[in-house]
$ cat protein26.cif   # mmCIF, C-alpha atoms, pLDDT in the B column; chains and numbers go by the auth columns
data_upload
#
loop_
_atom_site.group_PDB
_atom_site.id
_atom_site.type_symbol
_atom_site.label_atom_id
_atom_site.label_comp_id
_atom_site.label_asym_id
_atom_site.label_seq_id
_atom_site.Cartn_x
_atom_site.Cartn_y
_atom_site.Cartn_z
_atom_site.B_iso_or_equiv
_atom_site.auth_seq_id
_atom_site.auth_asym_id
ATOM 1 C CA MET A 1 -152.754 -87.642 -215.966 46.00 1 Q
ATOM 2 C CA ASN A 2 -153.377 -89.752 -212.890 47.00 2 Q
ATOM 3 C CA VAL A 3 -155.836 -89.051 -210.089 40.00 3 Q
ATOM 4 C CA ARG A 4 -153.141 -87.842 -207.711 46.00 4 Q
ATOM 5 C CA MET A 5 -152.010 -85.111 -210.086 44.00 5 Q
ATOM 6 C CA VAL A 6 -155.606 -83.978 -210.603 37.00 6 Q
ATOM 7 C CA LEU A 7 -156.130 -83.697 -206.863 37.00 7 Q
ATOM 8 C CA CYS A 8 -152.899 -81.716 -206.401 39.00 8 Q
ATOM 9 C CA ALA A 9 -153.891 -79.297 -209.154 40.00 9 Q
ATOM 10 C CA ALA A 10 -157.298 -78.822 -207.557 39.00 10 Q
ATOM 11 C CA VAL A 11 -155.754 -78.074 -204.163 38.00 11 Q
ATOM 12 C CA ILE A 12 -153.347 -75.524 -205.672 37.00 12 Q
ATOM 13 C CA PHE A 13 -156.192 -73.854 -207.574 38.00 13 Q
ATOM 14 C CA PHE A 14 -158.336 -73.695 -204.454 37.00 14 Q
ATOM 15 C CA LEU A 15 -155.549 -72.206 -202.309 36.00 15 Q
ATOM 16 C CA GLY A 16 -154.760 -69.623 -204.957 37.00 16 Q
ATOM 17 C CA THR A 17 -158.339 -68.451 -205.287 37.00 17 Q
ATOM 18 C CA GLY A 18 -159.568 -69.112 -201.744 37.00 18 Q
ATOM 19 C CA VAL A 19 -160.398 -65.541 -200.783 39.00 19 Q
ATOM 20 C CA SER A 20 -162.317 -64.762 -203.953 38.00 20 Q
ATOM 21 C CA LEU A 21 -164.228 -68.060 -203.738 39.00 21 Q
ATOM 22 C CA PHE A 22 -165.008 -67.304 -200.104 47.00 22 Q
ATOM 23 C CA ALA A 23 -166.351 -63.881 -201.007 47.00 23 Q
ATOM 24 C CA GLN A 24 -168.244 -65.194 -204.003 48.00 24 Q
ATOM 25 C CA ASP A 25 -169.757 -68.004 -201.922 52.00 25 Q
ATOM 26 C CA LYS A 26 -171.009 -65.486 -199.357 48.00 26 Q
ATOM 27 C CA LYS A 27 -172.548 -63.344 -202.058 46.00 27 Q
ATOM 28 C CA GLU A 28 -174.425 -66.343 -203.290 45.00 28 Q
ATOM 29 C CA GLU A 29 -175.638 -67.325 -199.796 74.00 29 Q
ATOM 30 C CA VAL A 30 -176.852 -63.896 -198.641 84.00 30 Q
ATOM 31 C CA ARG A 31 -178.252 -60.769 -200.230 87.00 31 Q
ATOM 32 C CA HIS A 32 -178.410 -57.102 -199.404 88.00 32 Q
ATOM 33 C CA GLY A 33 -181.169 -56.563 -196.871 89.00 33 Q
ATOM 34 C CA ASP A 34 -180.806 -60.004 -195.286 93.00 34 Q
ATOM 35 C CA ARG A 35 -180.313 -60.236 -191.527 92.00 35 Q
ATOM 36 C CA VAL A 36 -177.050 -62.099 -190.961 93.00 36 Q
ATOM 37 C CA THR A 37 -174.614 -63.042 -188.210 92.00 37 Q
ATOM 38 C CA VAL A 38 -170.916 -62.655 -188.911 92.00 38 Q
ATOM 39 C CA ILE A 39 -168.436 -64.864 -187.009 94.00 39 Q
ATOM 40 C CA LEU A 40 -164.935 -63.387 -186.847 94.00 40 Q
ATOM 41 C CA ASP A 41 -161.616 -65.204 -186.619 93.00 41 Q
ATOM 42 C CA ASN A 42 -161.587 -64.552 -182.844 94.00 42 Q
ATOM 43 C CA ASP A 43 -165.094 -66.098 -182.548 92.00 43 Q
ATOM 44 C CA GLU A 44 -166.793 -62.766 -181.891 91.00 44 Q
ATOM 45 C CA ALA A 45 -170.264 -62.597 -183.439 91.00 45 Q
ATOM 46 C CA PHE A 46 -172.091 -59.576 -184.860 91.00 46 Q
ATOM 47 C CA THR A 47 -175.629 -59.558 -186.214 91.00 47 Q
ATOM 48 C CA GLY A 48 -177.309 -56.989 -188.445 89.00 48 Q
ATOM 49 C CA ILE A 49 -178.845 -56.167 -191.801 91.00 49 Q
ATOM 50 C CA LEU A 50 -176.399 -56.703 -194.655 94.00 50 Q
ATOM 51 C CA ILE A 51 -175.931 -53.395 -196.482 91.00 51 Q
ATOM 52 C CA ARG A 52 -172.652 -54.117 -198.289 92.00 52 Q
ATOM 53 C CA LEU A 53 -170.615 -57.180 -199.197 90.00 53 Q
ATOM 54 C CA ASP A 54 -167.772 -57.158 -201.703 89.00 54 Q
ATOM 55 C CA SER A 55 -164.515 -59.008 -202.233 88.00 55 Q
ATOM 56 C CA GLU A 56 -162.778 -57.102 -199.412 91.00 56 Q
ATOM 57 C CA SER A 57 -165.268 -56.131 -196.718 92.00 57 Q
ATOM 58 C CA ILE A 58 -168.730 -56.412 -195.228 93.00 58 Q
ATOM 59 C CA LEU A 59 -170.946 -53.765 -193.616 93.00 59 Q
ATOM 60 C CA LEU A 60 -173.893 -54.420 -191.313 93.00 60 Q
ATOM 61 C CA ASP A 61 -176.684 -52.128 -190.124 90.00 61 Q
ATOM 62 C CA THR A 62 -177.089 -52.892 -186.405 89.00 62 Q
ATOM 63 C CA THR A 63 -179.846 -50.385 -185.631 87.00 63 Q
ATOM 64 C CA TYR A 64 -182.340 -53.078 -184.643 86.00 64 Q
ATOM 65 C CA GLU A 65 -179.918 -55.329 -182.790 86.00 65 Q
ATOM 66 C CA THR A 66 -179.321 -55.443 -179.052 81.00 66 Q
ATOM 67 C CA GLY A 67 -175.951 -54.437 -177.663 70.00 67 Q
ATOM 68 C CA GLY A 68 -173.758 -51.406 -177.876 58.00 68 Q
ATOM 69 C CA TYR A 69 -174.015 -50.767 -181.629 57.00 69 Q
ATOM 70 C CA SER A 70 -176.705 -48.342 -182.773 63.00 70 Q
ATOM 71 C CA SER A 71 -175.836 -47.704 -186.427 81.00 71 Q
ATOM 72 C CA SER A 72 -173.414 -49.860 -188.409 83.00 72 Q
ATOM 73 C CA VAL A 73 -170.312 -52.007 -188.111 88.00 73 Q
ATOM 74 C CA GLY A 74 -167.929 -53.263 -190.779 91.00 74 Q
ATOM 75 C CA PHE A 75 -165.112 -55.815 -191.076 92.00 75 Q
ATOM 76 C CA GLN A 76 -162.468 -56.927 -193.542 93.00 76 Q
ATOM 77 C CA LEU A 77 -163.543 -60.135 -195.243 91.00 77 Q
ATOM 78 C CA SER A 78 -160.199 -61.736 -194.356 92.00 78 Q
ATOM 79 C CA ARG A 79 -161.237 -61.680 -190.687 93.00 79 Q
ATOM 80 C CA ILE A 80 -164.511 -63.536 -191.216 93.00 80 Q
ATOM 81 C CA LYS A 81 -164.840 -67.269 -190.547 92.00 81 Q
ATOM 82 C CA LYS A 82 -168.510 -67.616 -191.327 91.00 82 Q
ATOM 83 C CA ILE A 83 -171.635 -65.714 -192.370 91.00 83 Q
ATOM 84 C CA MET A 84 -174.971 -67.134 -191.276 91.00 84 Q
ATOM 85 C CA LYS A 85 -178.369 -65.955 -192.466 92.00 85 Q
ATOM 86 C CA GLU A 86 -180.826 -65.135 -189.656 92.00 86 Q
ATOM 87 C CA ALA A 87 -184.581 -64.725 -189.477 91.00 87 Q
ATOM 88 C CA PRO A 88 -185.648 -61.100 -190.018 90.00 88 Q
ATOM 89 C CA ARG A 89 -186.781 -59.015 -187.076 89.00 89 Q
ATOM 90 C CA THR A 90 -190.508 -58.635 -186.598 90.00 90 Q
ATOM 91 C CA LEU A 91 -192.043 -55.176 -186.275 90.00 91 Q
ATOM 92 C CA GLU A 92 -192.687 -55.799 -182.584 91.00 92 Q
ATOM 93 C CA GLU A 93 -189.040 -56.776 -182.028 87.00 93 Q
ATOM 94 C CA MET A 94 -187.821 -53.657 -183.803 85.00 94 Q
ATOM 95 C CA LYS A 95 -190.119 -51.486 -181.685 89.00 95 Q
ATOM 96 C CA ARG A 96 -188.955 -53.192 -178.484 89.00 96 Q
ATOM 97 C CA ILE A 97 -185.259 -52.878 -179.344 84.00 97 Q
ATOM 98 C CA THR A 98 -185.710 -49.249 -180.398 84.00 98 Q
ATOM 99 C CA GLY A 99 -187.427 -48.517 -177.079 86.00 99 Q
ATOM 100 C CA GLU A 100 -184.654 -50.246 -175.124 85.00 100 Q
ATOM 101 C CA LYS A 101 -181.974 -48.267 -176.945 83.00 101 Q
ATOM 102 C CA LEU A 102 -183.836 -45.025 -176.363 84.00 102 Q
ATOM 103 C CA GLN A 103 -184.043 -45.859 -172.651 86.00 103 Q
ATOM 104 C CA GLU A 104 -180.341 -46.716 -172.562 81.00 104 Q
ATOM 105 C CA ASN A 105 -179.458 -43.514 -174.385 82.00 105 Q
ATOM 106 C CA ALA A 106 -181.575 -41.560 -171.896 88.00 106 Q
ATOM 107 C CA ARG A 107 -179.847 -43.331 -169.007 88.00 107 Q
ATOM 108 C CA LEU A 108 -176.418 -42.596 -170.447 87.00 108 Q
ATOM 109 C CA LYS A 109 -177.391 -38.970 -171.054 90.00 109 Q
ATOM 110 C CA SER A 110 -178.627 -38.680 -167.476 92.00 110 Q
ATOM 111 C CA GLU A 111 -175.434 -40.290 -166.178 91.00 111 Q
ATOM 112 C CA MET A 112 -173.298 -37.947 -168.259 93.00 112 Q
ATOM 113 C CA ALA A 113 -175.280 -34.979 -166.937 93.00 113 Q
ATOM 114 C CA ARG A 114 -174.774 -36.238 -163.374 92.00 114 Q
ATOM 115 C CA VAL A 115 -171.035 -36.643 -163.922 94.00 115 Q
ATOM 116 C CA LYS A 116 -170.850 -33.206 -165.543 93.00 116 Q
ATOM 117 C CA GLU A 117 -172.699 -31.627 -162.613 93.00 117 Q
ATOM 118 C CA ALA A 118 -170.423 -33.413 -160.135 93.00 118 Q
ATOM 119 C CA GLU A 119 -167.403 -32.072 -162.001 94.00 119 Q
ATOM 120 C CA ALA A 120 -168.936 -28.581 -162.016 93.00 120 Q
ATOM 121 C CA GLN A 121 -169.580 -28.816 -158.266 93.00 121 Q
ATOM 122 C CA GLU A 122 -165.980 -29.878 -157.696 94.00 122 Q
ATOM 123 C CA GLU A 123 -164.755 -26.981 -159.832 94.00 123 Q
ATOM 124 C CA ARG A 124 -166.927 -24.560 -157.816 93.00 124 Q
ATOM 125 C CA ALA A 125 -165.691 -26.073 -154.558 92.00 125 Q
ATOM 126 C CA ALA A 126 -162.085 -25.810 -155.762 93.00 126 Q
ATOM 127 C CA ALA A 127 -162.673 -22.179 -156.755 94.00 127 Q
ATOM 128 C CA GLU A 128 -164.183 -21.455 -153.339 93.00 128 Q
ATOM 129 C CA ARG A 129 -161.247 -23.131 -151.612 94.00 129 Q
ATOM 130 C CA ALA A 130 -158.807 -21.142 -153.735 94.00 130 Q
ATOM 131 C CA LYS A 131 -160.662 -17.913 -152.922 93.00 131 Q
ATOM 132 C CA LYS A 132 -160.721 -18.756 -149.229 93.00 132 Q
ATOM 133 C CA GLU A 133 -156.995 -19.528 -149.263 94.00 133 Q
ATOM 134 C CA LYS A 134 -156.326 -16.289 -151.134 94.00 134 Q
ATOM 135 C CA ASP A 135 -158.453 -14.280 -148.682 94.00 135 Q
ATOM 136 C CA GLU A 136 -156.721 -15.898 -145.714 93.00 136 Q
ATOM 137 C CA ALA A 137 -153.309 -15.228 -147.273 94.00 137 Q
ATOM 138 C CA GLU A 138 -154.253 -11.594 -147.882 94.00 138 Q
ATOM 139 C CA LYS A 139 -155.524 -11.253 -144.317 93.00 139 Q
ATOM 140 C CA ALA A 140 -152.332 -12.810 -142.968 93.00 140 Q
ATOM 141 C CA ALA A 141 -150.231 -10.517 -145.158 93.00 141 Q
ATOM 142 C CA LYS A 142 -152.261 -7.506 -144.016 93.00 142 Q
ATOM 143 C CA LYS A 143 -151.883 -8.570 -140.413 92.00 143 Q
ATOM 144 C CA THR A 144 -148.129 -8.943 -140.902 92.00 144 Q
ATOM 145 C CA ASP A 145 -147.941 -5.529 -142.576 92.00 145 Q
ATOM 146 C CA GLU A 146 -149.922 -3.981 -139.736 91.00 146 Q
ATOM 147 C CA ALA A 147 -147.625 -5.618 -137.180 92.00 147 Q
ATOM 148 C CA LYS A 148 -144.572 -4.319 -139.045 91.00 148 Q
ATOM 149 C CA LYS A 149 -146.112 -0.844 -139.255 90.00 149 Q
ATOM 150 C CA LYS A 150 -146.907 -0.900 -135.559 91.00 150 Q
ATOM 151 C CA GLN A 151 -143.353 -2.009 -134.767 90.00 151 Q
ATOM 152 C CA LYS A 152 -142.042 0.739 -137.015 89.00 152 Q
ATOM 153 C CA ASP A 153 -144.303 3.289 -135.282 89.00 153 Q
ATOM 154 C CA ASP A 154 -143.234 2.046 -131.862 91.00 154 Q
ATOM 155 C CA ASP A 155 -139.570 2.233 -132.870 91.00 155 Q
ATOM 156 C CA LEU A 156 -140.047 5.741 -134.229 90.00 156 Q
ATOM 157 C CA LEU A 157 -141.749 6.941 -131.061 92.00 157 Q
ATOM 158 C CA LYS A 158 -139.144 5.231 -128.928 92.00 158 Q
ATOM 159 C CA GLY A 159 -136.388 6.723 -131.070 90.00 159 Q
ATOM 160 C CA ILE A 160 -137.849 10.232 -130.669 93.00 160 Q
ATOM 161 C CA ASP A 161 -137.935 9.729 -126.914 93.00 161 Q
ATOM 162 C CA LEU A 162 -134.281 8.671 -127.065 92.00 162 Q
ATOM 163 C CA LEU A 163 -133.396 11.803 -129.048 92.00 163 Q
ATOM 164 C CA LYS A 164 -135.118 13.926 -126.420 93.00 164 Q
ATOM 165 C CA GLU A 165 -133.389 12.075 -123.603 92.00 165 Q
ATOM 166 C CA TYR A 166 -130.022 12.108 -125.361 93.00 166 Q
ATOM 167 C CA PRO A 167 -129.965 15.293 -127.481 94.00 167 Q
ATOM 168 C CA ALA A 168 -127.134 15.572 -129.984 92.00 168 Q
ATOM 169 C CA SER A 169 -126.752 19.213 -128.956 92.00 169 Q
ATOM 170 C CA GLU A 170 -125.484 17.995 -125.588 92.00 170 Q
ATOM 171 C CA GLY A 171 -122.788 15.818 -127.111 91.00 171 Q
ATOM 172 C CA TRP A 172 -124.603 12.520 -127.474 93.00 172 Q
ATOM 173 C CA GLY A 173 -123.607 10.666 -130.615 92.00 173 Q
ATOM 174 C CA GLN A 174 -121.035 8.326 -132.197 93.00 174 Q
ATOM 175 C CA GLU A 175 -118.080 9.976 -130.479 91.00 175 Q
ATOM 176 C CA LYS A 176 -119.825 9.760 -127.122 90.00 176 Q
ATOM 177 C CA LEU A 177 -120.625 6.093 -127.749 90.00 177 Q
ATOM 178 C CA ASP A 178 -117.003 5.240 -128.545 89.00 178 Q
ATOM 179 C CA LYS A 179 -115.836 7.083 -125.427 89.00 179 Q
ATOM 180 C CA LEU A 180 -118.339 5.309 -123.171 89.00 180 Q
ATOM 181 C CA LYS A 181 -117.412 1.871 -124.555 88.00 181 Q
ATOM 182 C CA GLY A 182 -113.761 2.399 -123.624 87.00 182 Q
ATOM 183 C CA GLN A 183 -114.350 4.357 -120.414 83.00 183 Q
ATOM 184 C CA PHE A 184 -114.180 1.506 -117.907 74.00 184 Q
ATOM 185 C CA ASN A 185 -111.040 0.023 -119.499 77.00 185 Q
ATOM 186 C CA THR A 186 -109.228 3.347 -119.605 84.00 186 Q
ATOM 187 C CA THR A 187 -110.419 5.068 -116.410 83.00 187 Q
ATOM 188 C CA GLY A 188 -111.987 2.334 -114.345 79.00 188 Q
ATOM 189 C CA ILE A 189 -115.110 4.463 -113.951 86.00 189 Q
ATOM 190 C CA ALA A 190 -118.315 2.410 -114.178 89.00 190 Q
ATOM 191 C CA LEU A 191 -121.071 3.480 -116.536 90.00 191 Q
ATOM 192 C CA THR A 192 -124.272 4.965 -115.197 92.00 192 Q
ATOM 193 C CA GLU A 193 -127.651 3.392 -116.026 93.00 193 Q
ATOM 194 C CA LYS A 194 -128.377 6.241 -118.396 92.00 194 Q
ATOM 195 C CA GLU A 195 -125.106 5.683 -120.220 90.00 195 Q
ATOM 196 C CA LYS A 196 -125.752 1.943 -120.451 92.00 196 Q
ATOM 197 C CA LYS A 197 -129.191 2.673 -121.906 92.00 197 Q
ATOM 198 C CA PHE A 198 -127.659 4.926 -124.553 91.00 198 Q
ATOM 199 C CA ILE A 199 -125.197 2.234 -125.586 92.00 199 Q
ATOM 200 C CA ASP A 200 -127.939 -0.402 -125.751 93.00 200 Q
ATOM 201 C CA ASN A 201 -130.242 1.804 -127.879 92.00 201 Q
ATOM 202 C CA PHE A 202 -127.671 3.678 -129.938 92.00 202 Q
ATOM 203 C CA ASN A 203 -128.626 2.073 -133.273 94.00 203 Q
ATOM 204 C CA LEU A 204 -132.268 3.146 -132.848 92.00 204 Q
ATOM 205 C CA TRP A 205 -131.174 6.593 -131.665 93.00 205 Q
ATOM 206 C CA LYS A 206 -128.952 6.990 -134.736 93.00 206 Q
ATOM 207 C CA SER A 207 -131.476 5.699 -137.320 92.00 207 Q
ATOM 208 C CA THR A 208 -134.242 7.923 -135.909 92.00 208 Q
ATOM 209 C CA LYS A 209 -131.950 10.947 -135.955 91.00 209 Q
ATOM 210 C CA GLU A 210 -130.993 10.314 -139.594 91.00 210 Q
ATOM 211 C CA THR A 211 -134.650 9.797 -140.594 90.00 211 Q
ATOM 212 C CA LEU A 212 -135.784 13.053 -139.010 89.00 212 Q
ATOM 213 C CA GLU A 213 -132.840 15.007 -140.391 89.00 213 Q
ATOM 214 C CA ALA A 214 -133.543 13.777 -143.937 89.00 214 Q
ATOM 215 C CA ALA A 215 -137.218 14.691 -143.590 86.00 215 Q
ATOM 216 C CA ALA A 216 -136.343 18.137 -142.235 85.00 216 Q
ATOM 217 C CA LYS A 217 -134.120 18.756 -145.276 83.00 217 Q
ATOM 218 C CA GLY A 218 -136.897 17.621 -147.614 82.00 218 Q
ATOM 219 C CA GLU A 219 -134.886 14.655 -148.830 76.00 219 Q
ATOM 220 C CA THR A 220 -137.574 12.186 -147.717 73.00 220 Q
ATOM 221 C CA ALA A 221 -141.205 12.374 -146.668 70.00 221 Q
ATOM 222 C CA ALA A 222 -141.858 13.188 -143.073 66.00 222 Q
ATOM 223 C CA PRO A 223 -142.289 9.987 -141.033 70.00 223 Q
ATOM 224 C CA THR A 224 -145.790 9.350 -139.718 68.00 224 Q
ATOM 225 C CA VAL A 225 -147.261 7.425 -136.844 60.00 225 Q
ATOM 226 C CA THR A 226 -150.637 5.753 -137.312 60.00 226 Q
ATOM 227 C CA THR A 227 -153.127 6.660 -134.598 53.00 227 Q
ATOM 228 C CA SER A 228 -156.890 6.373 -134.247 48.00 228 Q
ATOM 229 C CA LYS A 229 -157.032 9.553 -136.317 48.00 229 Q
ATOM 230 C CA GLU A 230 -155.219 10.370 -139.554 50.00 230 Q
ATOM 231 C CA PRO A 231 -151.450 9.637 -139.608 50.00 231 Q
ATOM 232 C CA GLU A 232 -149.598 12.678 -138.338 51.00 232 Q
ATOM 233 C CA PRO A 233 -146.145 13.724 -139.612 51.00 233 Q
ATOM 234 C CA ILE A 234 -143.376 13.935 -137.066 52.00 234 Q
ATOM 235 C CA ILE A 235 -140.516 16.363 -137.633 50.00 235 Q
ATOM 236 C CA GLU A 236 -138.374 17.172 -134.662 51.00 236 Q
ATOM 237 C CA ASP A 237 -136.262 20.279 -134.532 51.00 237 Q
ATOM 238 C CA LEU A 238 -132.791 18.799 -134.241 52.00 238 Q
ATOM 239 C CA SER A 239 -130.949 22.043 -134.644 49.00 239 Q
ATOM 240 C CA PRO A 240 -128.543 22.933 -131.781 46.00 240 Q
ATOM 241 C CA LYS A 241 -130.186 24.958 -129.054 44.00 241 Q
#

$ encode --input "protein26.cif" --output "C-alpha cells"
Amino acid sequence: MNVRMVLCAAVIFFLGTGVSLFAQDKKEEVRHGDRVTVILDNDEAFTGILIRLDSESILLDTTYETGGYSSSVGFQLSRIKKIMKEAPRTLEEMKRITGEKLQENARLKSEMARVKEAEAQEERAAAERAKKEKDEAEKAAKKTDEAKKKQKDDDLLKGIDLLKEYPASEGWGQEKLDKLKGQFNTTGIALTEKEKKFIDNFNLWKSTKETLEAAAKGETAAPTVTTSKEPEPIIEDLSPK
C-alpha cells in the first residue's frame, strides 16, 4: 500500500467520523463545571458554566454572565465551530454581575409597571370618552324626542282649534274639501280666506278628528298634551250638536 492510498483512507475515515471526533475532542478539552465560551457557525459567542456536553448538544449555565441570559442556553453540537475554556469567575465578579442583573430586572419590572399603568390610563380615558359619547347621544336623543313630543303637542292643539273652527257638524270634511277644490273651476267663485285655510290644514284637521274619535270610543288612549303640570287627556265631544 503506497503513501497516497494511506492518506486517502485517513481522509475518508476522518470525514466519516468527524462529528463524533469533534464531540469527543471537546469532552477531552473541557469538563462539567468549567467556564467556557462557545463559538457558533455564525460567529456568535456565548459564555457560561458547562453543565452538559454529549455527542449531540451542549448546555451552559449563564447565571453569572453579563448580557440578556439569566439561566441557561443550549445549542446543537453541529452548530458549534469552537469551544474555548475560560478563567472561572471570582466571587467578587459573581456578586457584581448578580447585582447588575437584579438592577436590570428591577428596571424592567418598573418599566413594565409604567407601561401597564399607561395602558390602564388609556383604557380609563377610552371608557370615559365612550361614556361621554353615550351620555351626549342620550341627551341628543332625549332632546329630539322632546322636540318631537312638543311638535306633536302643538299639532294636536292646533288640530283641536281647527276642529272648533271647522266643526264636522256644520258640514266641514272630505266632501267639503272636494267641493272647495273644484269651486273656482266650476262656478268661478273665489275661495274665502277661511276656506283656503281649511284646504291648507285639512290633513291635520282630519288626523286630529280621527285621533279624538278613536279615543272617545275607547279604541286608543286619550291623547295628552305635556304642560308644566301633569299631562292632561284631551277628549273633545265630536258628536253633532

$ closest_atom_pairs --input "protein26.cif" --of "range 113-176 of chain Q" --to "range 199-217 of chain Q" --cutoff "7 Å" --atoms "only C-alpha atoms" --output "tab-separated table"
residue	atom	partner	partner_atom	distance
Q:Leu156	CA	Q:Thr208	CA	6.4
Q:Gly159	CA	Q:Trp205	CA	5.2
Q:Ile160	CA	Q:Thr208	CA	6.8
Q:Leu162	CA	Q:Trp205	CA	5.9
Q:Leu163	CA	Q:Trp205	CA	6.2

$ residues_around --input "protein26.cif" --residues "Leu53 in chain Q" --least-positions-apart "4" --cutoff "8 Å" --atoms "all atoms listed in the file" --output "PDB file with C-alpha atoms, keeping the file's coordinate frame"
ATOM      1  CA  LYS Q  27    -172.548 -63.344-202.058  1.00 46.00           C
ATOM      2  CA  HIS Q  32    -178.410 -57.102-199.404  1.00 88.00           C
ATOM      3  CA  SER Q  57    -165.268 -56.131-196.718  1.00 92.00           C
ATOM      4  CA  ILE Q  58    -168.730 -56.412-195.228  1.00 93.00           C
ATOM      5  CA  LEU Q  59    -170.946 -53.765-193.616  1.00 93.00           C
TER       6      LEU Q  59
END

$ closest_residue --input "protein26.cif" --among "Q:Tyr166, Q:Asp153, Q:Leu191, Q:Tyr64" --to "Glu92 in chain Q" --atoms "only C-alpha atoms"
Q:Tyr64

$ atom_distance --input "protein26.cif" --atom1 "CA of Ile49 in chain Q" --atom2 "CA of Gln76 in chain Q"
16.5 Å

$ atom_distance --input "protein26.cif" --atom1 "CA of Gln103 in chain Q" --atom2 "CA of Ala45 in chain Q"
24.2 Å

$ atom_distance --input "protein26.cif" --atom1 "CA of Ala147 in chain Q" --atom2 "CA of Pro223 in chain Q"
16.9 Å

$ closest_residue --input "protein26.cif" --among "Q:Arg107, Q:Asp155, Q:Asp41, Q:Ile97" --to "Lys82 in chain Q" --atoms "all atoms listed in the file"
Q:Asp41

$ closest_residue --input "protein26.cif" --among "Q:Arg114, Q:Arg35, Q:Arg96, Q:Lys143" --to "Leu60 in chain Q" --atoms "only C-alpha atoms"
Q:Arg35

$ closest_residue --input "protein26.cif" --among "Q:Val38, Q:Thr66, Q:Pro167, Q:Ala113" --to "Thr98 in chain Q" --atoms "all atoms listed in the file"
Q:Thr66
